[in-house]
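Student: Before anything else, here's the structure in question.
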Amino acid sequence: MSTTVVRDGTIWTGGANPRVLERQDLVIQNGVVASIEPNFRGRSDLDVDAGGALVVPGFINAHVHAGCTPHIRGMTEDEPIPKEGAYYHALGAILTLGYQHLAHDEFAALMEWDAIAMLLGGATMVCEENFGGHEVWIELVERLGFRSDLGLTYPGSVSAIGYLKDGKIVMGSGGDIGAQFQAGIALHKTHHGKFGDRLRIHLSPHGPDTVPTELLIETTRQAKALGVNANLHLAQHLNERRTIAERHGGKSSIQYLHDIGFLGPHVMAMHVTFIDDHDIDLLAASRTNVIHGSYRKAKEALISPFWEHLAKGVNVAIATDSFSHDLIQDLRFAAMLAKIRQNDVGTPRAHHVLRCATHGAAKALNRPDLGNLEPGARGDVVVIDLQTAFNSPVFDPLRSLIYYSSARDIRCTLVDGRKVVERGQVLGTDMDAVRRRADEAARKVWALARRDGVLDAFTSHGH
Ligand SMILES: [Zn+2]
């Protein structure tokens, strides 16, 4: 028996009926929450001091692309992105250079540095939609001790999802997309449930415009047969909307997916930005899950619907996607931008966004053992210091968290009752060494991009 006790914290239990409990001990036995009680006196193997801190269920970062972030930070911010497109169209050539020219250990360093940011950002569980280097990711899950749901994205190259050429969005060759889909199913057979069930494998079709109809239908069949989710990008940009309308008699992306039987409670759809009211009705009726990434979208001068989904009963999760992995920052953006969009300070409230990053994501993943701290749940926990100059004194702990805290206030995170992050350090790695190697890898990509003339668009140097 192994016992971890998170002592003397303010506990927000999460789940379907969250409670706030002051000055309580959270007792985790063999990786599972055993009890919440005022003063646990039994034997413990690990004590975590949560005095003056808020204790919440581990955050679930519901959509990332590991290895796609560190070397593009600071490039597209402030710069025009293609009309009808997204930031990744502008960066396609640079991302491709990274995948094609970095040695295995160089790309692994970028990926690990990315994972470090996700874990310092408060995620105990990460949904990774992978464009390459999945074996590196699997090793990171094993070594760093976090939880992940991994999908191999098809088409499996960033050029195949579109990039800019002479000012126009073009679609590169994605190789054998059927074989890529089969590789994901093969990975499920060998790796689903590994590392004490910390690793699970789902299906990851890129989007309605980049995956052929027959393969989307086959994805649905296999996802149901395997009992796994299908995670895709949906209603992400106007180029997708125009492409689907041209191919399918003027239909919206969501209407098209509905008509081919793709939607359902096993689907997690990222972005869902360019939609109408009827689209939301289809999502609600089919119990399709939406993933909201507010910070990423704000960089494109966009606010995705958030409250509109919740108001119609659509389940919503939260993701950082790429660029920044501070999940608390993403929760604040989600709350603030939705208030502006609704023109109402009360929609949403702090608990709405916190619930999306915990219970909402767990529901989307069909994981009743995640997203809450009730007895029987996994011992995945974030302990956030609420005694800083920014977030104290604490009148309302959830508001102190969402409106006044950042990932830098995270005292520690636990997965299955074991420490993954402690005071700004990801345990199980040498962060300085990884940073140096990731920095070298990024500079190598930048040198190649400069040689090819694809960096020119991003070098404003503050002017
Ligand atoms: Zn994505």
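Residue numbers start at 1 in each chain; chains themselves are named A, B, ... in the order of the structure tokens; ligands are numbered from 1 in the order shown.
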How close does chain A get to ligand 1? List, as JSON lines, each residue of chain A within 9 Å, its nearest atom pair and the distance in Å to one decimal, counting only C-alpha atoms and all ligand atoms.

Tutor:
```
{"residue": "A:His63", "atom": "CA", "partner": "ligand 1", "partner_atom_place_in_ligand_line": "1 (Zn)", "distance": 6.4}
{"residue": "A:Val64", "atom": "CA", "partner": "ligand 1", "partner_atom_place_in_ligand_line": "1 (Zn)", "distance": 6.1}
{"residue": "A:His65", "atom": "CA", "partner": "ligand 1", "partner_atom_place_in_ligand_line": "1 (Zn)", "distance": 6.3}
{"residue": "A:Glu129", "atom": "CA", "partner": "ligand 1", "partner_atom_place_in_ligand_line": "1 (Zn)", "distance": 7.0}
{"residue": "A:His206", "atom": "CA", "partner": "ligand 1", "partner_atom_place_in_ligand_line": "1 (Zn)", "distance": 8.0}
{"residue": "A:Leu232", "atom": "CA", "partner": "ligand 1", "partner_atom_place_in_ligand_line": "1 (Zn)", "distance": 7.7}
{"residue": "A:His233", "atom": "CA", "partner": "ligand 1", "partner_atom_place_in_ligand_line": "1 (Zn)", "distance": 6.2}
{"residue": "A:Met270", "atom": "CA", "partner": "ligand 1", "partner_atom_place_in_ligand_line": "1 (Zn)", "distance": 6.8}
{"residue": "A:His271", "atom": "CA", "partner": "ligand 1", "partner_atom_place_in_ligand_line": "1 (Zn)", "distance": 8.3}
{"residue": "A:Asp321", "atom": "CA", "partner": "ligand 1", "partner_atom_place_in_ligand_line": "1 (Zn)", "distance": 5.7}
{"residue": "A:Ser322", "atom": "CA", "partner": "ligand 1", "partner_atom_place_in_ligand_line": "1 (Zn)", "distance": 7.6}
```

Student: Keeping C-alpha atoms for every residue in the selection just given, could you write it to a file as a PDB file, in the first residue's frame?

Tutor:
```pdb
ATOM      1  CA  HIS A  63      -5.360  18.911 -27.796  1.00  0.00           C
ATOM      2  CA  VAL A  64      -1.672  19.558 -28.533  1.00  0.00           C
ATOM      3  CA  HIS A  65       0.915  18.762 -31.206  1.00  0.00           C
ATOM      4  CA  GLU A 129      -2.376  14.608 -31.953  1.00  0.00           C
ATOM      5  CA  HIS A 206      -6.920  15.713 -39.130  1.00  0.00           C
ATOM      6  CA  LEU A 232     -10.193  16.094 -35.240  1.00  0.00           C
ATOM      7  CA  HIS A 233     -10.004  19.761 -36.205  1.00  0.00           C
ATOM      8  CA  MET A 270     -10.994  21.131 -31.853  1.00  0.00           C
ATOM      9  CA  HIS A 271     -11.784  24.833 -32.511  1.00  0.00           C
ATOM     10  CA  ASP A 321      -2.935  23.607 -28.838  1.00  0.00           C
ATOM     11  CA  SER A 322       0.368  25.311 -29.727  1.00  0.00           C
TER      12      SER A 322
END
```

Student: List every residue of stretch 25-147 of chain A that DSSP, applied to the backbone of this structure, assigns to strand (DSSP E), and report them as JSON, numbers by chain.

Tutor: {"A": [25, 26, 27, 28, 29, 32, 33, 34, 35, 36, 37, 46, 47, 48, 49, 53, 54, 55, 56, 57, 59, 60, 61, 62, 63, 64, 123, 124, 125, 126, 127, 128, 129, 130, 147]}

Student: Considering only C-alpha atoms, can you say which of A:Leu331, A:Leu21, A:Ala235, A:Leu150 comes closest to A:Asp279?

Tutor: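 Result for the nearest residue to A:Asp279: A:Ala235.
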
Student: Please, which residues in stretch 111-230 of chain A fall within 12 Å of stretch 351-369 of chain A when counting only C-alpha atoms, and what is the closest atom pair and distance in Å to one decimal for each, ordered by chain then residue number, as JSON lines?

Tutor:
```
{"residue": "A:Gly122", "atom": "CA", "partner": "A:Ala357", "partner_atom": "CA", "distance": 10.4}
{"residue": "A:Ala123", "atom": "CA", "partner": "A:Ala357", "partner_atom": "CA", "distance": 9.3}
{"residue": "A:Thr124", "atom": "CA", "partner": "A:Thr358", "partner_atom": "CA", "distance": 10.3}
{"residue": "A:Met125", "atom": "CA", "partner": "A:Ala362", "partner_atom": "CA", "distance": 9.8}
{"residue": "A:Val126", "atom": "CA", "partner": "A:Ala361", "partner_atom": "CA", "distance": 10.3}
{"residue": "A:Cys127", "atom": "CA", "partner": "A:Leu365", "partner_atom": "CA", "distance": 9.6}
{"residue": "A:Ser148", "atom": "CA", "partner": "A:Leu365", "partner_atom": "CA", "distance": 11.0}
{"residue": "A:Asp149", "atom": "CA", "partner": "A:Leu365", "partner_atom": "CA", "distance": 8.8}
{"residue": "A:Leu150", "atom": "CA", "partner": "A:Leu365", "partner_atom": "CA", "distance": 11.8}
{"residue": "A:Asp197", "atom": "CA", "partner": "A:Arg367", "partner_atom": "CA", "distance": 11.9}
{"residue": "A:Arg200", "atom": "CA", "partner": "A:Leu365", "partner_atom": "CA", "distance": 10.4}
{"residue": "A:Ile201", "atom": "CA", "partner": "A:Leu365", "partner_atom": "CA", "distance": 11.2}
{"residue": "A:His202", "atom": "CA", "partner": "A:Leu365", "partner_atom": "CA", "distance": 9.8}
{"residue": "A:Gly227", "atom": "CA", "partner": "A:Asn366", "partner_atom": "CA", "distance": 9.7}
{"residue": "A:Val228", "atom": "CA", "partner": "A:Leu365", "partner_atom": "CA", "distance": 8.4}
{"residue": "A:Asn229", "atom": "CA", "partner": "A:Leu365", "partner_atom": "CA", "distance": 7.0}
{"residue": "A:Ala230", "atom": "CA", "partner": "A:Leu365", "partner_atom": "CA", "distance": 10.0}
```

Student: Can you work out which one of A:Lys224, A:Arg423, A:Lys165, A:Arg411 has the shortest atom-to-atom distance to A:Gly52, counting only C-alpha atoms?

Tutor: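 That would be A:Arg411, the residue with the smallest distance to A:Gly52.
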
Student: Go through stretch 117-284 of chain A and collect every residue that DSSP, computed from the backbone, puts in alpha helix (DSSP H); the answer should be as a PyMOL selection string.

Tutor: chain A and resi 117-120+134-144+177-191+194-197+213-226+238-247+253-259+277-284

Student: Measure the distance from atom CA of A:Ile318 to atom CA of A:Gly178 in Å and round it to one decimal.

Tutor: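 Computed distance, atom CA of A:Ile318 to atom CA of A:Gly178, equals 29.5 Å.
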
Student: Looking at only C-alpha atoms, which of A:Gln236, A:Thr153, A:Thr213, A:Asn39 is the one that sits closest to A:Gly85?

Tutor: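 Closest to A:Gly85, using only C-alpha atoms: A:Gln236.
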
Student: Using only C-alpha atoms for the distances, tell me which of A:His101, A:Arg7, A:His191, A:Arg43 is nearest to A:Val445.

Tutor: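 The closest residue to A:Val445 is A:His101.
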